[in-house]
Amino acid sequence: MELRLLIVEDDALLAEAAADYFTGKGWSVEEAEDGIQALERLETQSYHLILLDVMIPGVNGFDVCRRIRKDCDVPVIFITARVMEEDMLNGYALGADDYVTKPFGSEELMARIRCALRRRRTYGGSNTYQAKDLTVDFDKRAVYTQGKQIHLTPIEYRILEYLALNSGKMVTYQKLLERIWGPYVSENNKILRVNMTNIRRKIGDHPAEPKYIFTEAGVGYRMAESSSEESFDLCRKTS
């Protein structure tokens, strides 16, 4: 089945590069350079997924997403130059499936798309990270310890999700900062340490005797390998 993708992006070079990549993967790709053009296309065409820039001319990405959700349940992934927790909460409240921060790698974007498609049951099967008593359900965006769901803020979830998607690999502080808060974030990782402290407390992972998140002092973090590799690999990205 040929998958149809709509890219809504006013950066012509970025839109062209993304279109070339997905066309090469066998997708049918259409582009819109502003919110009005995107809504016009959606009136006459159907798509399997929409990549939607937040800051676009005419009608912004949030309003486009709001209009989309009135009519259909197509997966929507926001692409944005920055991720503020308030923006994320607004986007998820409107029904967005995910956020990808610019600049992003094509393989990371493809992994996010696979996750979004699986959430909408385009693909079958489960999609989880599992290590000892910790489970991250990417489809539900939910985290469980000993079978009990725990509450993470949107930022905390994105940090844990990114580490889980790269389980077994060292992820540097700067890489995490850029992926979660955008490419122009300060190199001061205090905000990351605060969020990591909260995550560890909530999942019951003591830094002195870690079970899930291991620290390489001065370098970054490494998540314990997932024990659910068969389903997890379908959505796993490469750095």
# chains A, B, ... in the order shown; residues from 1 in each chain; ligands from 1
call {"tool": "residues_around", "arguments": {"residues": "region 87-92 of chain A", "least_positions_apart": "5", "cutoff": "8 Å", "atoms": "only C-alpha atoms", "output": "list in words"}}
result
Phe62, Asp97, Asp98, Tyr99 and Pro154 of chain A
call {"tool": "write_last_selection", "arguments": {"atoms": "N, CA and C atoms", "output": "mmCIF file, in the first residue's frame"}}
result
data_model
loop_
_atom_site.group_PDB
_atom_site.id
_atom_site.type_symbol
_atom_site.label_atom_id
_atom_site.label_comp_id
_atom_site.auth_asym_id
_atom_site.auth_seq_id
_atom_site.Cartn_x
_atom_site.Cartn_y
_atom_site.Cartn_z
ATOM 1 N N PHE A 62 -1.135 25.017 15.100
ATOM 2 C CA PHE A 62 -2.110 24.619 16.116
ATOM 3 C C PHE A 62 -3.534 24.712 15.581
ATOM 4 N N ASP A 97 0.104 13.818 17.616
ATOM 5 C CA ASP A 97 0.666 12.528 18.002
ATOM 6 C C ASP A 97 2.080 12.651 18.542
ATOM 7 N N ASP A 98 2.818 13.663 18.086
ATOM 8 C CA ASP A 98 4.206 13.768 18.524
ATOM 9 C C ASP A 98 4.772 15.121 18.114
ATOM 10 N N TYR A 99 5.953 15.422 18.660
ATOM 11 C CA TYR A 99 6.732 16.601 18.297
ATOM 12 C C TYR A 99 8.117 16.148 17.850
ATOM 13 N N PRO A 154 5.018 16.131 30.366
ATOM 14 C CA PRO A 154 5.379 15.931 28.958
ATOM 15 C C PRO A 154 6.887 15.960 28.711
#
call {"tool": "select_by_dssp", "arguments": {"residues": "region 11-215 of chain A", "states": "alpha helix (DSSP H)", "output": "short mmCIF file (atom, residue, chain, number, x, y, z; two decimals) with N, CA, C and O atoms, in the first residue's frame"}}
result
data_model
loop_
_atom_site.label_atom_id
_atom_site.label_comp_id
_atom_site.auth_asym_id
_atom_site.auth_seq_id
_atom_site.Cartn_x
_atom_site.Cartn_y
_atom_site.Cartn_z
N ALA A 12 11.29 26.10 2.31
CA ALA A 12 11.27 25.34 1.06
C ALA A 12 12.36 24.27 1.00
O ALA A 12 12.13 23.16 0.51
N LEU A 13 13.55 24.59 1.51
CA LEU A 13 14.65 23.63 1.47
C LEU A 13 14.36 22.42 2.35
O LEU A 13 14.61 21.27 1.95
N LEU A 14 13.84 22.67 3.54
CA LEU A 14 13.52 21.57 4.44
C LEU A 14 12.40 20.72 3.88
O LEU A 14 12.47 19.48 3.91
N ALA A 15 11.37 21.37 3.34
CA ALA A 15 10.25 20.63 2.76
C ALA A 15 10.70 19.78 1.58
O ALA A 15 10.29 18.62 1.45
N GLU A 16 11.57 20.33 0.75
CA GLU A 16 12.06 19.59 -0.41
C GLU A 16 12.89 18.40 0.01
O GLU A 16 12.77 17.31 -0.56
N ALA A 17 13.76 18.60 1.01
CA ALA A 17 14.60 17.50 1.48
C ALA A 17 13.75 16.37 2.06
O ALA A 17 14.00 15.19 1.80
N ALA A 18 12.75 16.75 2.86
CA ALA A 18 11.86 15.74 3.44
C ALA A 18 11.06 15.01 2.36
O ALA A 18 10.90 13.79 2.39
N ALA A 19 10.58 15.78 1.37
CA ALA A 19 9.81 15.17 0.28
C ALA A 19 10.67 14.19 -0.51
O ALA A 19 10.21 13.09 -0.85
N ASP A 20 11.90 14.56 -0.80
CA ASP A 20 12.80 13.66 -1.54
C ASP A 20 13.06 12.38 -0.76
O ASP A 20 13.08 11.27 -1.33
N TYR A 21 13.25 12.53 0.56
CA TYR A 21 13.52 11.35 1.39
C TYR A 21 12.35 10.38 1.37
O TYR A 21 12.52 9.17 1.14
N PHE A 22 11.14 10.88 1.59
CA PHE A 22 9.98 9.99 1.68
C PHE A 22 9.56 9.47 0.30
O PHE A 22 9.07 8.34 0.20
N THR A 23 9.77 10.25 -0.73
CA THR A 23 9.52 9.74 -2.08
C THR A 23 10.43 8.57 -2.37
O THR A 23 10.02 7.57 -2.96
N GLY A 24 11.69 8.70 -1.94
CA GLY A 24 12.64 7.61 -2.11
C GLY A 24 12.26 6.36 -1.34
O GLY A 24 12.70 5.25 -1.67
N GLY A 35 -0.73 27.45 6.20
CA GLY A 35 -1.89 26.79 6.77
C GLY A 35 -3.11 26.78 5.87
O GLY A 35 -3.86 25.80 5.83
N ILE A 36 -3.31 27.85 5.13
CA ILE A 36 -4.46 27.94 4.23
C ILE A 36 -4.36 26.90 3.12
O ILE A 36 -5.33 26.19 2.81
N GLN A 37 -3.18 26.80 2.54
CA GLN A 37 -2.96 25.81 1.48
C GLN A 37 -3.14 24.40 2.02
O GLN A 37 -3.70 23.52 1.35
N ALA A 38 -2.69 24.16 3.25
CA ALA A 38 -2.84 22.84 3.86
C ALA A 38 -4.31 22.48 4.01
O ALA A 38 -4.73 21.36 3.68
N LEU A 39 -5.11 23.42 4.50
CA LEU A 39 -6.53 23.16 4.70
C LEU A 39 -7.24 22.94 3.36
O LEU A 39 -8.17 22.12 3.27
N GLU A 40 -6.81 23.64 2.34
CA GLU A 40 -7.40 23.45 1.00
C GLU A 40 -7.11 22.04 0.49
O GLU A 40 -7.99 21.39 -0.09
N ARG A 41 -5.89 21.57 0.70
CA ARG A 41 -5.55 20.21 0.27
C ARG A 41 -6.35 19.17 1.04
O ARG A 41 -6.78 18.16 0.47
N LEU A 42 -6.55 19.42 2.31
CA LEU A 42 -7.27 18.46 3.14
C LEU A 42 -8.75 18.37 2.79
O LEU A 42 -9.42 17.40 3.13
N GLU A 43 -9.27 19.38 2.12
CA GLU A 43 -10.67 19.34 1.70
C GLU A 43 -10.88 18.37 0.54
O GLU A 43 -11.99 17.87 0.34
N THR A 44 -9.85 18.11 -0.24
CA THR A 44 -10.00 17.28 -1.44
C THR A 44 -9.18 16.00 -1.41
O THR A 44 -9.39 15.12 -2.25
N GLY A 61 0.08 26.26 12.85
CA GLY A 61 -0.03 24.82 12.94
C GLY A 61 -1.04 24.34 13.96
O GLY A 61 -1.74 23.34 13.74
N PHE A 62 -1.13 25.02 15.10
CA PHE A 62 -2.11 24.62 16.12
C PHE A 62 -3.53 24.71 15.58
O PHE A 62 -4.36 23.83 15.81
N ASP A 63 -3.83 25.80 14.87
CA ASP A 63 -5.18 25.97 14.32
C ASP A 63 -5.47 24.96 13.21
O ASP A 63 -6.59 24.47 13.07
N VAL A 64 -4.44 24.65 12.42
CA VAL A 64 -4.61 23.62 11.38
C VAL A 64 -4.93 22.29 12.04
O VAL A 64 -5.84 21.56 11.61
N CYS A 65 -4.19 21.95 13.09
CA CYS A 65 -4.42 20.69 13.79
C CYS A 65 -5.83 20.65 14.38
O CYS A 65 -6.53 19.63 14.31
N ARG A 66 -6.28 21.77 14.92
CA ARG A 66 -7.63 21.85 15.48
C ARG A 66 -8.69 21.56 14.40
O ARG A 66 -9.65 20.83 14.64
N ARG A 67 -8.48 22.12 13.22
CA ARG A 67 -9.42 21.90 12.11
C ARG A 67 -9.36 20.44 11.64
O ARG A 67 -10.41 19.85 11.31
N ILE A 68 -8.17 19.88 11.60
CA ILE A 68 -8.02 18.49 11.18
C ILE A 68 -8.81 17.57 12.09
O ILE A 68 -9.53 16.67 11.65
N ARG A 69 -8.69 17.79 13.40
CA ARG A 69 -9.32 16.89 14.37
C ARG A 69 -10.85 16.98 14.36
O ARG A 69 -11.52 16.09 14.86
N LYS A 70 -11.40 18.02 13.77
CA LYS A 70 -12.85 18.10 13.64
C LYS A 70 -13.38 17.12 12.60
O LYS A 70 -14.54 16.71 12.65
N ASP A 71 -12.51 16.76 11.65
CA ASP A 71 -12.96 15.97 10.51
C ASP A 71 -12.38 14.57 10.44
O ASP A 71 -13.01 13.68 9.88
N GLU A 85 7.10 23.42 27.13
CA GLU A 85 6.13 22.52 27.73
C GLU A 85 4.71 23.01 27.50
O GLU A 85 3.80 22.22 27.23
N GLU A 86 4.49 24.32 27.55
CA GLU A 86 3.16 24.87 27.31
C GLU A 86 2.69 24.56 25.90
O GLU A 86 1.53 24.21 25.67
N ASP A 87 3.60 24.69 24.91
CA ASP A 87 3.25 24.37 23.52
C ASP A 87 2.91 22.89 23.38
O ASP A 87 1.97 22.52 22.67
N MET A 88 3.72 22.03 24.04
CA MET A 88 3.47 20.60 23.94
C MET A 88 2.11 20.23 24.52
O MET A 88 1.35 19.45 23.93
N LEU A 89 1.79 20.79 25.68
CA LEU A 89 0.49 20.52 26.29
C LEU A 89 -0.64 20.96 25.38
O LEU A 89 -1.65 20.26 25.23
N ASN A 90 -0.48 22.13 24.77
CA ASN A 90 -1.48 22.64 23.84
C ASN A 90 -1.62 21.72 22.64
O ASN A 90 -2.73 21.36 22.23
N GLY A 91 -0.47 21.31 22.08
CA GLY A 91 -0.50 20.43 20.92
C GLY A 91 -1.13 19.09 21.20
O GLY A 91 -1.97 18.60 20.43
N TYR A 92 -0.77 18.47 22.32
CA TYR A 92 -1.35 17.18 22.66
C TYR A 92 -2.84 17.32 22.96
O TYR A 92 -3.63 16.41 22.65
N ALA A 93 -3.22 18.44 23.57
CA ALA A 93 -4.65 18.66 23.84
C ALA A 93 -5.44 18.76 22.54
O ALA A 93 -6.61 18.38 22.49
N LEU A 94 -4.79 19.26 21.50
CA LEU A 94 -5.45 19.38 20.20
C LEU A 94 -5.46 18.07 19.43
O LEU A 94 -6.12 17.96 18.40
N SER A 106 16.71 12.18 9.41
CA SER A 106 15.66 11.50 8.68
C SER A 106 15.26 10.19 9.33
O SER A 106 14.09 9.82 9.35
N GLU A 107 16.25 9.47 9.91
CA GLU A 107 15.93 8.20 10.55
C GLU A 107 15.14 8.40 11.84
O GLU A 107 14.24 7.63 12.15
N GLU A 108 15.47 9.45 12.57
CA GLU A 108 14.68 9.75 13.77
C GLU A 108 13.25 10.08 13.39
O GLU A 108 12.29 9.61 14.01
N LEU A 109 13.09 10.90 12.35
CA LEU A 109 11.76 11.28 11.90
C LEU A 109 10.97 10.05 11.46
O LEU A 109 9.78 9.90 11.79
N MET A 110 11.62 9.15 10.72
CA MET A 110 10.95 7.94 10.27
C MET A 110 10.52 7.07 11.45
O MET A 110 9.42 6.49 11.46
N ALA A 111 11.36 7.01 12.49
CA ALA A 111 11.00 6.24 13.68
C ALA A 111 9.77 6.83 14.36
O ALA A 111 8.86 6.11 14.78
N ARG A 112 9.73 8.17 14.44
CA ARG A 112 8.56 8.84 15.04
C ARG A 112 7.30 8.57 14.22
O ARG A 112 6.21 8.38 14.76
N ILE A 113 7.46 8.57 12.91
CA ILE A 113 6.31 8.32 12.03
C ILE A 113 5.80 6.89 12.20
O ILE A 113 4.59 6.66 12.29
N ARG A 114 6.71 5.94 12.28
CA ARG A 114 6.28 4.55 12.50
C ARG A 114 5.51 4.42 13.80
O ARG A 114 4.50 3.72 13.87
N CYS A 115 6.02 5.11 14.82
CA CYS A 115 5.31 5.07 16.12
C CYS A 115 3.91 5.64 15.98
O CYS A 115 2.93 5.06 16.48
N ALA A 116 3.79 6.79 15.31
CA ALA A 116 2.49 7.43 15.15
C ALA A 116 1.53 6.55 14.34
O ALA A 116 0.35 6.43 14.68
N LEU A 117 2.02 5.93 13.29
CA LEU A 117 1.18 5.07 12.48
C LEU A 117 0.72 3.85 13.27
O LEU A 117 -0.42 3.40 13.14
N ARG A 118 1.61 3.33 14.11
CA ARG A 118 1.24 2.18 14.93
C ARG A 118 0.18 2.57 15.95
O ARG A 118 -0.73 1.79 16.25
N ARG A 119 0.28 3.77 16.48
CA ARG A 119 -0.73 4.21 17.45
C ARG A 119 -2.12 4.25 16.82
O ARG A 119 -3.12 4.04 17.47
N PRO A 154 5.02 16.13 30.37
CA PRO A 154 5.38 15.93 28.96
C PRO A 154 6.89 15.96 28.71
O PRO A 154 7.41 15.15 27.93
N ILE A 155 7.60 16.87 29.37
CA ILE A 155 9.05 16.94 29.19
C ILE A 155 9.72 15.69 29.74
O ILE A 155 10.61 15.09 29.11
N GLU A 156 9.31 15.27 30.94
CA GLU A 156 9.89 14.06 31.55
C GLU A 156 9.65 12.85 30.66
O GLU A 156 10.54 12.02 30.47
N TYR A 157 8.44 12.75 30.10
CA TYR A 157 8.15 11.61 29.23
C TYR A 157 9.04 11.62 28.00
O TYR A 157 9.56 10.58 27.58
N ARG A 158 9.22 12.79 27.39
CA ARG A 158 10.05 12.87 26.17
C ARG A 158 11.50 12.47 26.46
O ARG A 158 12.14 11.82 25.63
N ILE A 159 12.01 12.86 27.62
CA ILE A 159 13.37 12.46 27.99
C ILE A 159 13.46 10.95 28.12
O ILE A 159 14.35 10.30 27.55
N LEU A 160 12.53 10.37 28.89
CA LEU A 160 12.55 8.92 29.10
C LEU A 160 12.32 8.17 27.79
O LEU A 160 12.99 7.16 27.51
N GLU A 161 11.41 8.67 26.97
CA GLU A 161 11.14 8.03 25.68
C GLU A 161 12.37 8.04 24.80
O GLU A 161 12.73 7.04 24.18
N TYR A 162 13.07 9.20 24.74
CA TYR A 162 14.25 9.30 23.88
C TYR A 162 15.34 8.33 24.34
O TYR A 162 15.99 7.67 23.53
N LEU A 163 15.54 8.24 25.65
CA LEU A 163 16.52 7.31 26.17
C LEU A 163 16.12 5.87 25.88
O LEU A 163 16.95 5.03 25.52
N ALA A 164 14.82 5.57 26.02
CA ALA A 164 14.34 4.21 25.76
C ALA A 164 14.47 3.84 24.29
O ALA A 164 14.81 2.71 23.95
N LEU A 165 14.22 4.81 23.39
CA LEU A 165 14.38 4.55 21.96
C LEU A 165 15.83 4.29 21.60
O LEU A 165 16.13 3.69 20.57
N TYR A 173 24.65 14.58 27.15
CA TYR A 173 23.81 15.64 27.71
C TYR A 173 23.35 16.60 26.62
O TYR A 173 22.18 16.97 26.54
N GLN A 174 24.29 17.03 25.77
CA GLN A 174 23.97 18.02 24.76
C GLN A 174 22.96 17.48 23.75
O GLN A 174 22.06 18.19 23.30
N LYS A 175 23.08 16.20 23.40
CA LYS A 175 22.13 15.59 22.48
C LYS A 175 20.72 15.62 23.05
O LYS A 175 19.75 15.96 22.37
N LEU A 176 20.62 15.27 24.32
CA LEU A 176 19.31 15.30 24.98
C LEU A 176 18.75 16.71 25.04
O LEU A 176 17.58 16.94 24.75
N LEU A 177 19.60 17.66 25.42
CA LEU A 177 19.16 19.05 25.52
C LEU A 177 18.63 19.54 24.18
O LEU A 177 17.57 20.17 24.09
N GLU A 178 19.35 19.25 23.09
CA GLU A 178 18.95 19.71 21.77
C GLU A 178 17.65 19.04 21.32
O GLU A 178 16.78 19.69 20.72
N ARG A 179 17.51 17.74 21.58
CA ARG A 179 16.32 17.02 21.12
C ARG A 179 15.08 17.41 21.89
O ARG A 179 13.97 17.40 21.34
N ILE A 180 15.23 17.74 23.16
CA ILE A 180 14.05 18.04 23.97
C ILE A 180 13.72 19.52 23.95
O ILE A 180 12.55 19.91 23.84
N TRP A 181 14.74 20.39 24.03
CA TRP A 181 14.49 21.83 24.14
C TRP A 181 14.87 22.62 22.89
O TRP A 181 14.65 23.81 22.84
N LYS A 190 21.60 22.07 33.82
CA LYS A 190 20.89 22.05 35.09
C LYS A 190 19.44 21.63 34.91
O LYS A 190 18.89 20.84 35.68
N ILE A 191 18.77 22.17 33.89
CA ILE A 191 17.37 21.84 33.65
C ILE A 191 17.21 20.35 33.36
O ILE A 191 16.23 19.72 33.76
N LEU A 192 18.20 19.76 32.69
CA LEU A 192 18.16 18.34 32.40
C LEU A 192 18.34 17.53 33.69
O LEU A 192 17.62 16.54 33.92
N ARG A 193 19.27 17.95 34.53
CA ARG A 193 19.51 17.22 35.79
C ARG A 193 18.27 17.26 36.69
O ARG A 193 17.94 16.26 37.33
N VAL A 194 17.60 18.41 36.74
CA VAL A 194 16.39 18.52 37.56
C VAL A 194 15.31 17.55 37.07
O VAL A 194 14.69 16.82 37.86
N ASN A 195 15.09 17.52 35.76
CA ASN A 195 14.10 16.61 35.20
C ASN A 195 14.50 15.15 35.40
O ASN A 195 13.65 14.30 35.69
N MET A 196 15.79 14.85 35.27
CA MET A 196 16.25 13.48 35.45
C MET A 196 16.07 13.03 36.90
O MET A 196 15.69 11.88 37.16
N THR A 197 16.31 13.94 37.84
CA THR A 197 16.08 13.61 39.25
C THR A 197 14.62 13.24 39.49
O THR A 197 14.31 12.26 40.18
N ASN A 198 13.71 14.00 38.89
CA ASN A 198 12.28 13.73 39.03
C ASN A 198 11.90 12.40 38.39
O ASN A 198 11.10 11.63 38.93
N ILE A 199 12.45 12.13 37.21
CA ILE A 199 12.15 10.87 36.52
C ILE A 199 12.61 9.69 37.36
O ILE A 199 11.86 8.72 37.57
N ARG A 200 13.84 9.76 37.86
CA ARG A 200 14.37 8.64 38.66
C ARG A 200 13.55 8.42 39.93
O ARG A 200 13.30 7.27 40.33
N ARG A 201 13.15 9.50 40.56
CA ARG A 201 12.34 9.36 41.77
C ARG A 201 11.02 8.67 41.45
O ARG A 201 10.56 7.79 42.19
N LYS A 202 10.40 9.04 40.33
CA LYS A 202 9.09 8.50 39.99
C LYS A 202 9.15 7.03 39.56
O LYS A 202 8.22 6.26 39.83
N ILE A 203 10.23 6.63 38.89
CA ILE A 203 10.32 5.24 38.42
C ILE A 203 11.08 4.35 39.41
O ILE A 203 11.24 3.15 39.18
#
call {"tool": "closest_residue", "arguments": {"among": "A:Val76, A:Ser226, A:Arg4, A:Gly26", "to": "Asn127 (chain A)", "atoms": "only C-alpha atoms"}}
result
A:Ser226
call {"tool": "residues_around", "arguments": {"residues": "Val54 (chain A)", "least_positions_apart": "5", "cutoff": "9 Å", "atoms": "only C-alpha atoms", "output": "list in words"}}
result
Glu9, Asn60, Gly61, Phe62, Phe78, Ile79, Thr80 and Ala81 of chain A
call {"tool": "atom_distance", "arguments": {"atom1": "CA of Gly168 (chain A)", "atom2": "CA of Val219 (chain A)"}}
result
14.7 Å
call {"tool": "select_by_dssp", "arguments": {"residues": "region 27-234 of chain A", "states": "strand (DSSP E or B)", "output": "PyMOL selection string"}}
result
chain A and resi 28-32+49-53+76-80+98-101+128-131+134-137+142-145+148-150+170-172+213-216+220-223
call {"tool": "atom_distance", "arguments": {"atom1": "CA of Asp137 (chain A)", "atom2": "CA of Gly95 (chain A)"}}
result
17.8 Å
call {"tool": "closest_residue", "arguments": {"among": "A:Thr135, A:Gln130, A:Thr145, A:Ser28", "to": "Gln45 (chain A)", "atoms": "only C-alpha atoms"}}
result
A:Ser28
